[in-house]
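With TSV, C-alpha atoms inside, this is data_34.tsv:
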chain	number	residue	atom	x	y	z
A	1	MET	CA	-7.18	0.52	-66.91
A	2	ARG	CA	-4.91	-2.31	-68.00
A	3	VAL	CA	-1.29	-1.38	-68.54
A	4	VAL	CA	-0.42	-1.67	-72.22
A	5	PRO	CA	1.08	-5.15	-72.69
A	6	PRO	CA	4.68	-5.21	-73.86
A	7	ILE	CA	5.17	-6.51	-77.38
A	8	ASN	CA	7.64	-9.27	-78.11
A	9	GLY	CA	9.20	-9.22	-81.54
A	10	GLY	CA	9.69	-6.61	-84.18
A	11	GLU	CA	8.98	-3.32	-82.42
A	12	ASP	CA	11.26	-1.85	-79.77
A	13	GLN	CA	9.63	-0.52	-76.64
A	14	VAL	CA	11.14	1.48	-73.81
A	15	ILE	CA	9.03	2.19	-70.73
A	16	ALA	CA	9.95	4.61	-67.94
A	17	PHE	CA	8.34	4.45	-64.50
A	18	VAL	CA	8.68	7.97	-63.07
A	19	ASP	CA	8.87	8.61	-59.33
A	20	TYR	CA	8.33	12.09	-57.89
A	21	ALA	CA	10.08	13.01	-54.65
A	22	LYS	CA	7.55	14.19	-52.02
A	23	ALA	CA	5.08	15.00	-54.78
A	24	PHE	CA	2.21	16.31	-52.65
A	25	ASP	CA	4.52	18.37	-50.41
A	26	SER	CA	6.49	20.22	-53.08
A	27	ILE	CA	3.88	21.77	-55.41
A	28	GLU	CA	4.02	25.56	-55.40
A	29	HIS	CA	0.75	27.24	-54.48
A	30	ILE	CA	0.97	29.72	-57.33
A	31	SER	CA	1.28	26.81	-59.77
A	32	VAL	CA	-1.88	25.27	-58.31
A	33	LEU	CA	-3.88	28.45	-58.84
A	34	ASN	CA	-2.52	28.96	-62.38
A	35	ALA	CA	-3.33	25.38	-63.35
A	36	LEU	CA	-6.90	25.73	-62.08
A	37	LYS	CA	-7.33	28.98	-64.01
A	38	ASN	CA	-5.92	27.54	-67.25
A	39	GLN	CA	-8.27	24.55	-67.05
A	40	GLY	CA	-11.45	26.58	-66.71
A	41	VAL	CA	-12.21	26.38	-62.99
A	42	PRO	CA	-14.54	29.27	-61.98
A	43	ILE	CA	-12.63	32.20	-60.51
A	44	LYS	CA	-14.64	32.21	-57.26
A	45	TYR	CA	-13.37	28.72	-56.39
A	46	ILE	CA	-9.81	29.69	-57.26
A	47	ARG	CA	-10.02	32.69	-54.94
A	48	LEU	CA	-11.40	30.50	-52.18
A	49	LEU	CA	-8.52	28.02	-52.55
A	50	GLY	CA	-6.09	30.93	-52.71
A	51	VAL	CA	-7.27	32.20	-49.34
A	52	LEU	CA	-7.13	28.67	-47.94
A	53	TYR	CA	-3.53	28.11	-49.00
A	54	GLN	CA	-1.99	31.58	-48.80
A	55	ARG	CA	-2.87	32.12	-45.15
A	56	ASN	CA	-1.18	28.94	-43.92
A	57	THR	CA	1.67	29.44	-41.48
A	58	THR	CA	3.84	27.17	-39.38
A	59	LYS	CA	6.72	27.40	-36.95
A	60	VAL	CA	9.56	25.19	-35.79
A	61	LYS	CA	9.67	24.19	-32.12
A	62	LEU	CA	12.89	22.86	-30.58
A	63	ASP	CA	14.06	24.10	-27.19
A	64	THR	CA	12.22	27.30	-27.94
A	65	GLU	CA	9.39	28.13	-30.31
A	66	GLY	CA	10.41	29.81	-33.55
A	67	THR	CA	8.68	32.67	-35.33
A	68	PRO	CA	5.80	31.80	-37.71
A	69	PHE	CA	6.45	31.80	-41.46
A	70	ASN	CA	4.23	31.30	-44.49
A	71	ILE	CA	3.89	27.91	-46.24
A	72	GLN	CA	4.26	28.37	-49.99
A	73	ARG	CA	4.43	24.73	-51.07
A	74	GLY	CA	2.42	21.54	-50.67
A	75	VAL	CA	-1.24	20.62	-50.61
A	76	ARG	CA	-3.32	19.86	-47.55
A	77	GLN	CA	-2.99	16.23	-46.46
A	78	GLY	CA	-6.31	14.43	-46.03
A	79	ASP	CA	-8.28	17.07	-47.94
A	80	PRO	CA	-10.72	15.46	-50.45
A	81	LEU	CA	-9.70	18.14	-52.96
A	82	THR	CA	-5.99	17.31	-52.77
A	83	PRO	CA	-5.91	14.46	-55.37
A	84	LYS	CA	-7.91	16.54	-57.85
A	85	ILE	CA	-5.68	19.56	-57.32
A	86	PHE	CA	-2.55	17.48	-57.85
A	87	ASN	CA	-4.01	15.89	-61.01
A	88	CYS	CA	-4.86	19.37	-62.28
A	89	VAL	CA	-1.28	20.57	-61.80
A	90	LEU	CA	0.15	17.44	-63.43
A	91	GLU	CA	-2.26	17.84	-66.36
A	92	GLN	CA	-0.95	21.37	-66.85
A	93	VAL	CA	2.61	20.03	-66.88
A	94	PHE	CA	1.81	17.48	-69.60
A	95	ARG	CA	-0.08	20.05	-71.69
A	96	LYS	CA	3.11	22.11	-71.93
A	97	LEU	CA	5.28	19.21	-73.09
A	98	PRO	CA	6.33	19.59	-76.77
A	99	TRP	CA	5.72	15.97	-77.70
A	100	GLY	CA	2.92	16.18	-80.21
A	101	ARG	CA	2.50	12.93	-82.16
A	102	LYS	CA	6.18	12.08	-82.54
A	103	HIS	CA	6.50	10.37	-79.15
A	104	GLY	CA	4.77	7.32	-77.70
A	105	ILE	CA	3.68	4.01	-79.22
A	106	SER	CA	1.06	3.61	-81.91
A	107	ILE	CA	-2.16	1.89	-80.86
A	108	ASP	CA	-4.83	1.59	-83.53
A	109	GLY	CA	-3.69	4.78	-85.21
A	110	ARG	CA	-3.34	6.84	-82.00
A	111	LYS	CA	-0.23	7.66	-80.01
A	112	LEU	CA	-0.04	6.70	-76.35
A	113	ALA	CA	2.86	8.48	-74.68
A	114	ASN	CA	2.01	8.20	-70.99
A	115	LEU	CA	-0.22	6.75	-68.28
A	116	ARG	CA	-0.93	8.68	-65.09
A	117	PHE	CA	-2.44	7.67	-61.79
A	118	ALA	CA	-1.83	10.55	-59.36
A	119	ASP	CA	1.98	10.74	-59.05
A	120	ASP	CA	2.55	7.29	-60.60
A	121	VAL	CA	3.57	8.17	-64.15
A	122	VAL	CA	4.60	5.85	-66.99
A	123	LEU	CA	6.18	7.03	-70.25
A	124	PHE	CA	6.26	5.00	-73.49
A	125	ALA	CA	8.74	5.41	-76.35
A	126	ARG	CA	10.15	3.54	-79.33
A	127	SER	CA	13.83	4.12	-78.49
A	128	ARG	CA	16.10	5.08	-75.60
A	129	LYS	CA	16.95	8.38	-77.26
A	130	ARG	CA	13.31	9.43	-77.52
A	131	LEU	CA	12.57	8.33	-73.97
A	132	GLU	CA	15.55	10.29	-72.69
A	133	GLU	CA	14.20	13.39	-74.45
A	134	MET	CA	10.77	12.81	-72.91
A	135	LEU	CA	12.19	12.39	-69.41
A	136	ASN	CA	14.28	15.54	-69.66
A	137	ASP	CA	11.30	17.51	-70.98
A	138	LEU	CA	9.14	16.20	-68.14
A	139	CYS	CA	11.85	16.99	-65.60
A	140	GLU	CA	12.11	20.59	-66.85
A	141	GLU	CA	8.36	21.26	-66.83
A	142	SER	CA	7.89	19.53	-63.47
A	143	THR	CA	10.60	21.65	-61.86
A	144	ALA	CA	8.75	24.78	-63.00
A	145	VAL	CA	5.79	23.90	-60.74
A	146	GLY	CA	7.87	22.64	-57.81
A	147	LEU	CA	7.86	18.92	-58.61
A	148	LYS	CA	11.16	17.05	-58.63
A	149	ILE	CA	11.71	13.69	-60.29
A	150	ASN	CA	13.46	11.20	-58.02
A	151	THR	CA	16.00	9.83	-60.50
A	152	SER	CA	17.19	7.14	-58.07
A	153	LYS	CA	13.71	5.57	-57.98
A	154	THR	CA	12.81	6.19	-61.63
A	155	LYS	CA	13.33	2.96	-63.59
A	156	VAL	CA	13.40	1.97	-67.27
A	157	LEU	CA	12.14	-1.28	-68.80
A	158	THR	CA	12.94	-2.30	-72.37
A	159	ASN	CA	12.76	-5.22	-74.79
A	160	ASP	CA	15.79	-3.82	-76.61
A	161	ALA	CA	19.42	-3.75	-75.53
A	162	GLU	CA	19.98	-1.85	-72.30
A	163	GLY	CA	22.17	1.23	-72.25
A	164	HIS	CA	22.97	4.45	-70.44
A	165	MET	CA	20.27	7.06	-69.96
A	166	ILE	CA	21.05	10.41	-68.36
A	167	VAL	CA	18.25	12.55	-66.91
A	168	ASN	CA	18.97	15.70	-64.94
A	169	ASN	CA	22.66	14.71	-64.77
A	170	ALA	CA	21.77	11.36	-63.17
A	171	ASN	CA	21.97	7.86	-64.60
A	172	ILE	CA	18.63	6.01	-64.83
A	173	GLU	CA	18.66	2.31	-63.95
A	174	PHE	CA	17.35	-0.35	-66.34
A	175	VAL	CA	15.33	-3.18	-64.72
A	176	THR	CA	13.81	-6.44	-65.97
A	177	GLN	CA	10.54	-5.98	-64.08
A	178	TYR	CA	8.68	-3.30	-62.14
A	179	ILE	CA	5.69	-3.20	-59.78
A	180	TYR	CA	3.23	-0.61	-61.10
A	181	LEU	CA	-0.10	-0.07	-59.32
A	182	GLY	CA	0.38	-3.37	-57.54
A	183	GLN	CA	1.04	-5.50	-60.64
A	184	THR	CA	4.25	-6.89	-62.10
A	185	ILE	CA	5.21	-5.38	-65.46
A	186	SER	CA	7.82	-7.31	-67.44
A	187	PHE	CA	8.70	-8.35	-70.98
A	188	GLN	CA	9.50	-11.92	-69.89
A	189	ASN	CA	6.94	-14.23	-68.25
A	190	SER	CA	5.11	-11.39	-66.55
A	191	MET	CA	2.07	-13.53	-65.70
A	192	ASP	CA	4.16	-16.24	-64.02
A	193	LYS	CA	5.94	-13.60	-61.94
A	194	GLU	CA	2.67	-11.89	-61.03
A	195	ILE	CA	0.97	-15.15	-59.96
A	196	ASP	CA	3.97	-16.11	-57.81
A	197	ARG	CA	3.94	-12.65	-56.20
A	198	ARG	CA	0.19	-12.81	-55.54
A	199	ILE	CA	0.56	-16.22	-53.88
A	200	ALA	CA	3.42	-14.96	-51.70
A	201	SER	CA	1.38	-11.89	-50.67
A	202	ALA	CA	-1.64	-14.07	-49.84
A	203	TRP	CA	0.48	-16.31	-47.62
A	204	ARG	CA	1.88	-13.30	-45.77
A	205	LYS	CA	-1.66	-12.14	-45.12
A	206	PHE	CA	-2.65	-15.68	-44.06
A	207	TRP	CA	0.11	-15.92	-41.46
A	208	SER	CA	-0.69	-12.43	-40.14
A	209	LEU	CA	-4.26	-13.68	-39.49
A	210	SER	CA	-3.29	-17.19	-38.41
A	211	PHE	CA	-4.19	-16.46	-34.78
A	212	ILE	CA	-7.81	-16.49	-35.98
A	213	LEU	CA	-7.70	-18.80	-39.00
A	214	MET	CA	-5.90	-21.63	-37.19
A	215	ASP	CA	-7.64	-21.18	-33.83
A	216	LYS	CA	-9.85	-24.23	-33.26
A	217	SER	CA	-12.08	-22.28	-30.87
A	218	GLN	CA	-13.13	-19.87	-33.64
A	219	LYS	CA	-16.27	-20.59	-35.64
A	220	LEU	CA	-15.75	-21.82	-39.19
A	221	GLN	CA	-18.18	-19.17	-40.43
A	222	ASN	CA	-15.88	-16.43	-39.13
A	223	LYS	CA	-12.87	-18.04	-40.80
A	224	ARG	CA	-14.79	-18.32	-44.06
A	225	GLN	CA	-15.68	-14.62	-43.95
A	226	ILE	CA	-12.04	-13.69	-43.30
A	227	PHE	CA	-10.89	-15.80	-46.24
A	228	ASN	CA	-13.44	-14.23	-48.60
A	229	SER	CA	-12.86	-10.65	-47.43
A	230	CYS	CA	-9.11	-10.61	-46.64
A	231	LEU	CA	-7.29	-13.47	-48.39
A	232	ALA	CA	-9.13	-13.86	-51.70
A	233	PRO	CA	-8.81	-10.12	-52.62
A	234	VAL	CA	-5.06	-10.27	-51.98
A	235	LEU	CA	-4.65	-13.44	-54.01
A	236	LEU	CA	-6.74	-12.12	-56.92
A	237	TYR	CA	-5.70	-8.47	-56.99
A	238	GLY	CA	-5.73	-7.36	-60.62
A	239	ALA	CA	-7.30	-10.62	-61.84
A	240	GLN	CA	-9.44	-8.62	-64.29
A	241	SER	CA	-6.40	-8.23	-66.55
A	242	TRP	CA	-5.02	-11.76	-66.22
A	243	SER	CA	-4.73	-14.28	-69.04
A	244	LEU	CA	-4.36	-17.49	-67.05
A	245	THR	CA	-2.88	-20.69	-68.41
A	246	LYS	CA	-3.86	-24.06	-66.95
A	247	LYS	CA	-0.55	-24.22	-65.09
A	248	GLN	CA	-1.07	-20.79	-63.52
A	249	ALA	CA	-4.67	-21.61	-62.56
A	250	LEU	CA	-3.42	-24.82	-60.92
A	251	LYS	CA	-0.97	-22.77	-58.82
A	252	LEU	CA	-3.84	-20.67	-57.48
A	253	GLU	CA	-5.92	-23.76	-56.74
A	254	ARG	CA	-3.08	-25.44	-54.87
A	255	CYS	CA	-2.50	-22.32	-52.79
A	256	GLN	CA	-6.17	-22.17	-51.86
A	257	ARG	CA	-6.37	-25.87	-50.99
A	258	ARG	CA	-3.35	-25.60	-48.68
A	259	MET	CA	-4.94	-22.64	-46.90
A	260	GLU	CA	-8.25	-24.49	-46.54
A	261	ARG	CA	-6.55	-27.53	-45.03
A	262	LYS	CA	-4.70	-25.38	-42.50
A	263	ILE	CA	-7.93	-23.57	-41.60
A	264	LEU	CA	-9.74	-26.90	-41.06
A	265	GLY	CA	-6.77	-28.52	-39.32
A	266	ILE	CA	-6.53	-31.28	-41.95
A	267	SER	CA	-3.20	-32.64	-43.15
A	268	LEU	CA	-2.41	-34.69	-46.25
A	269	LYS	CA	-1.89	-37.71	-44.00
A	270	ASP	CA	-5.62	-37.65	-43.23
A	271	ARG	CA	-6.21	-38.61	-46.88
A	272	ILE	CA	-9.31	-36.46	-47.27
A	273	ARG	CA	-10.21	-35.62	-50.85
A	274	ASN	CA	-10.08	-32.06	-52.11
A	275	ASP	CA	-13.80	-31.90	-52.90
A	276	GLU	CA	-14.59	-32.92	-49.31
A	277	VAL	CA	-12.22	-30.22	-48.00
A	278	ARG	CA	-14.02	-27.66	-50.18
A	279	ARG	CA	-17.42	-28.86	-48.95
A	280	ARG	CA	-16.36	-28.40	-45.34
A	281	SER	CA	-14.69	-25.01	-45.81
A	282	GLY	CA	-17.52	-23.59	-47.93
A	283	VAL	CA	-15.31	-20.98	-49.64
A	284	GLU	CA	-15.60	-20.18	-53.33
A	285	ASP	CA	-13.03	-21.45	-55.79
A	286	VAL	CA	-10.57	-18.61	-56.50
A	287	VAL	CA	-10.16	-19.48	-60.19
A	288	THR	CA	-13.95	-19.29	-60.65
A	289	LEU	CA	-13.95	-15.98	-58.81
A	290	ALA	CA	-11.09	-14.68	-60.98
A	291	ASN	CA	-13.01	-15.59	-64.13
A	292	ARG	CA	-16.11	-13.83	-62.83
A	293	MET	CA	-14.09	-10.68	-62.08
A	294	LYS	CA	-12.66	-10.79	-65.60
A	295	TRP	CA	-16.09	-11.19	-67.20
A	296	ARG	CA	-17.41	-8.23	-65.21
A	297	TRP	CA	-14.50	-6.09	-66.33
A	298	GLY	CA	-14.96	-7.28	-69.91
A	299	GLY	CA	-18.61	-6.20	-69.85
A	300	HIS	CA	-17.60	-2.85	-68.37
A	301	VAL	CA	-15.07	-2.33	-71.17
A	302	VAL	CA	-17.54	-3.24	-73.90
A	303	ARG	CA	-19.96	-0.60	-72.60
A	304	MET	CA	-17.28	2.11	-72.64
A	305	GLN	CA	-16.92	4.64	-75.42
A	306	SER	CA	-14.51	3.30	-78.02
A	307	THR	CA	-12.37	6.47	-77.76
A	308	ARG	CA	-11.38	5.79	-74.15
A	309	TRP	CA	-7.89	4.42	-73.65
A	310	ALA	CA	-9.16	1.71	-71.29
A	311	HIS	CA	-11.35	0.38	-74.10
A	312	THR	CA	-8.67	0.73	-76.77
A	313	THR	CA	-5.80	-0.90	-74.87
A	314	THR	CA	-7.95	-3.74	-73.51
A	315	LEU	CA	-9.17	-4.78	-76.95
A	316	TRP	CA	-5.93	-3.90	-78.73
A	317	ASN	CA	-4.48	-6.63	-80.94
A	318	PRO	CA	-0.93	-5.63	-82.00
A	319	ARG	CA	-0.31	-6.36	-85.65
A	320	ILE	CA	3.41	-5.77	-85.48
A	321	GLY	CA	6.31	-8.01	-84.53
A	322	TRP	CA	6.04	-11.78	-84.42
A	323	ARG	CA	5.33	-14.59	-82.01
A	324	ASN	CA	8.04	-16.87	-80.72
A	325	ARG	CA	8.29	-20.41	-82.06
A	326	GLY	CA	5.92	-22.88	-80.44
A	327	GLY	CA	2.37	-22.60	-79.15
A	328	PRO	CA	1.00	-19.04	-78.97
A	329	ARG	CA	0.74	-17.37	-75.59
A	330	THR	CA	-2.66	-17.09	-73.99
A	331	ARG	CA	-4.18	-13.73	-74.85
A	332	TRP	CA	-6.51	-11.76	-72.60
A	333	GLY	CA	-9.52	-12.36	-74.86
A	334	ASP	CA	-8.92	-16.08	-75.51
A	335	GLU	CA	-11.04	-17.13	-72.54
A	336	PHE	CA	-14.03	-15.16	-73.83
A	337	LYS	CA	-13.71	-16.75	-77.27
A	338	LEU	CA	-13.40	-20.23	-75.75
A	339	GLN	CA	-16.51	-19.90	-73.59
A	340	LEU	CA	-18.49	-18.26	-76.39
A	341	GLY	CA	-17.76	-21.06	-78.83
A	342	GLY	CA	-14.77	-19.59	-80.62
A	343	LEU	CA	-16.54	-16.44	-81.83
Show the structure stored in the file as structure tokens.
Amino acid sequence: MRVVPPINGGEDQVIAFVDYAKAFDSIEHISVLNALKNQGVPIKYIRLLGVLYQRNTTKVKLDTEGTPFNIQRGVRQGDPLTPKIFNCVLEQVFRKLPWGRKHGISIDGRKLANLRFADDVVLFARSRKRLEEMLNDLCEESTAVGLKINTSKTKVLTNDAEGHMIVNNANIEFVTQYIYLGQTISFQNSMDKEIDRRIASAWRKFWSLSFILMDKSQKLQNKRQIFNSCLAPVLLYGAQSWSLTKKQALKLERCQRRMERKILGISLKDRIRNDEVRRRSGVEDVVTLANRMKWRWGGHVVRMQSTRWAHTTTLWNPRIGWRNRGGPRTRWGDEFKLQLGGL
């Protein structure tokens, strides 16, 4: 799901990125069982999980071995059920929050107050006061099930004036950008920042594999496979949600050409044209690949039910605020309209 794009102009937005401290280790077992019961899980499965968790013991070993004691918190690490159990508990927490329709931002007549991906939680509000209320409510309900919000790592992003925000007697820091699910979220030039970060990450991966990529004894076919399977995914992570300008696409192309030349052992002094370098390397153009990924995601979105948030936020066209003076920014859907003849 694409993160809801920040709006420049008339409407204030405040976004909180919530961080839980040791989320999977602090959930109370009784809260897990209650959440499963309240969400309609058959009682026989709840009893089975209860036996699994309630009979866990551990002991501390230093110079001597301590006496065993029961474990009453945490979910089993590596268990395929663990993510679903955690999501179930977090769903129960959000069901108890007294937000109703007064909190969140309006998107096509519906209110979106939060996004959740496991313990990565984002809250949306129209003002600092409302967001502070939401964070304190979330902190209170989370504490009831054993979860604790890490206020030092929880950050707030806003297109309004920054100010003080107190949650659980701690001051929450305001930031100008935040990395959420691997992508840069910002109100100013977010795409430029994300492209620069993707290029930097791709170069770090390149140099970590340089003992293969720049080894003249290695077959070019092996290098090509490494580029396609290791470097291109790093460079194009999240490309499905990009709205590339010509300048940004040129940055990606330049990065790829430099990598290809280093793989082939060709320098600029050799005066070999870019199309010849591409013919020798045999790798696919990353901008073409990014466009293909975007078209696939676009088709996936179109086939979704219109009530799903992924469909709504992807096709959302805010009709509030105003654009800055000058040429309009490239929107996510502009590329589709251009290639389809302006439809």
**Report entry** For A:Asp192, the nearest of the candidates A:Arg308, A:Lys216, A:Lys251, A:Lys269, counting only C-alpha atoms
**Finding:**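 Comparing A:Arg308, A:Lys216, A:Lys251, A:Lys269 against A:Asp192, the winner is A:Lys251.
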**Report entry** Residues near A:Leu244, cut-off 12 Å, only C-alpha atoms, skip fewer than 5 positions along chain, as JSON, numbers by chain
**Finding:** {"A": [189, 190, 191, 192, 194, 195, 236, 239, 249, 250, 251, 252, 287, 288, 290, 291, 294, 329, 330, 331, 332, 333, 334, 335]}
Requested in this report: Find, counting only C-alpha atoms, the residue in A:Gly327, A:Tyr20, A:His103, A:Gly182 that gets nearest to A:Arg197.
Outcome: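 Using only C-alpha atoms, the shortest distance to A:Arg197 belongs to A:Gly182.
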Query raised in the report: atom CA of A:Val89 and atom CA of A:Leu115 are how many Å apart?
Result: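 Atom-to-atom, atom CA of A:Val89 and atom CA of A:Leu115 are spaced 15.3 Å apart.
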Query - Nearest to A:Val175, chosen from A:Ala16, A:Ala202, A:Ser26, A:Pro80, with all atoms listed in the file counted in the distances - result: A:Ala16
Query - Close residues, A:Phe227 itself excluded, 9 Å, only C-alpha atoms, min 4 positions apart in chain, as JSON, numbers by chain - result: {"A": [206, 213, 222, 223, 231, 232, 233, 283]}
Requested in this report: For A:Asn56, please output as a VMD selection string all residues within 6 Å (counting all atoms listed in the file; exclusion window: fewer than 2 positions along the same chain).
Outcome: chain A and resid 53 to 54 70 to 71
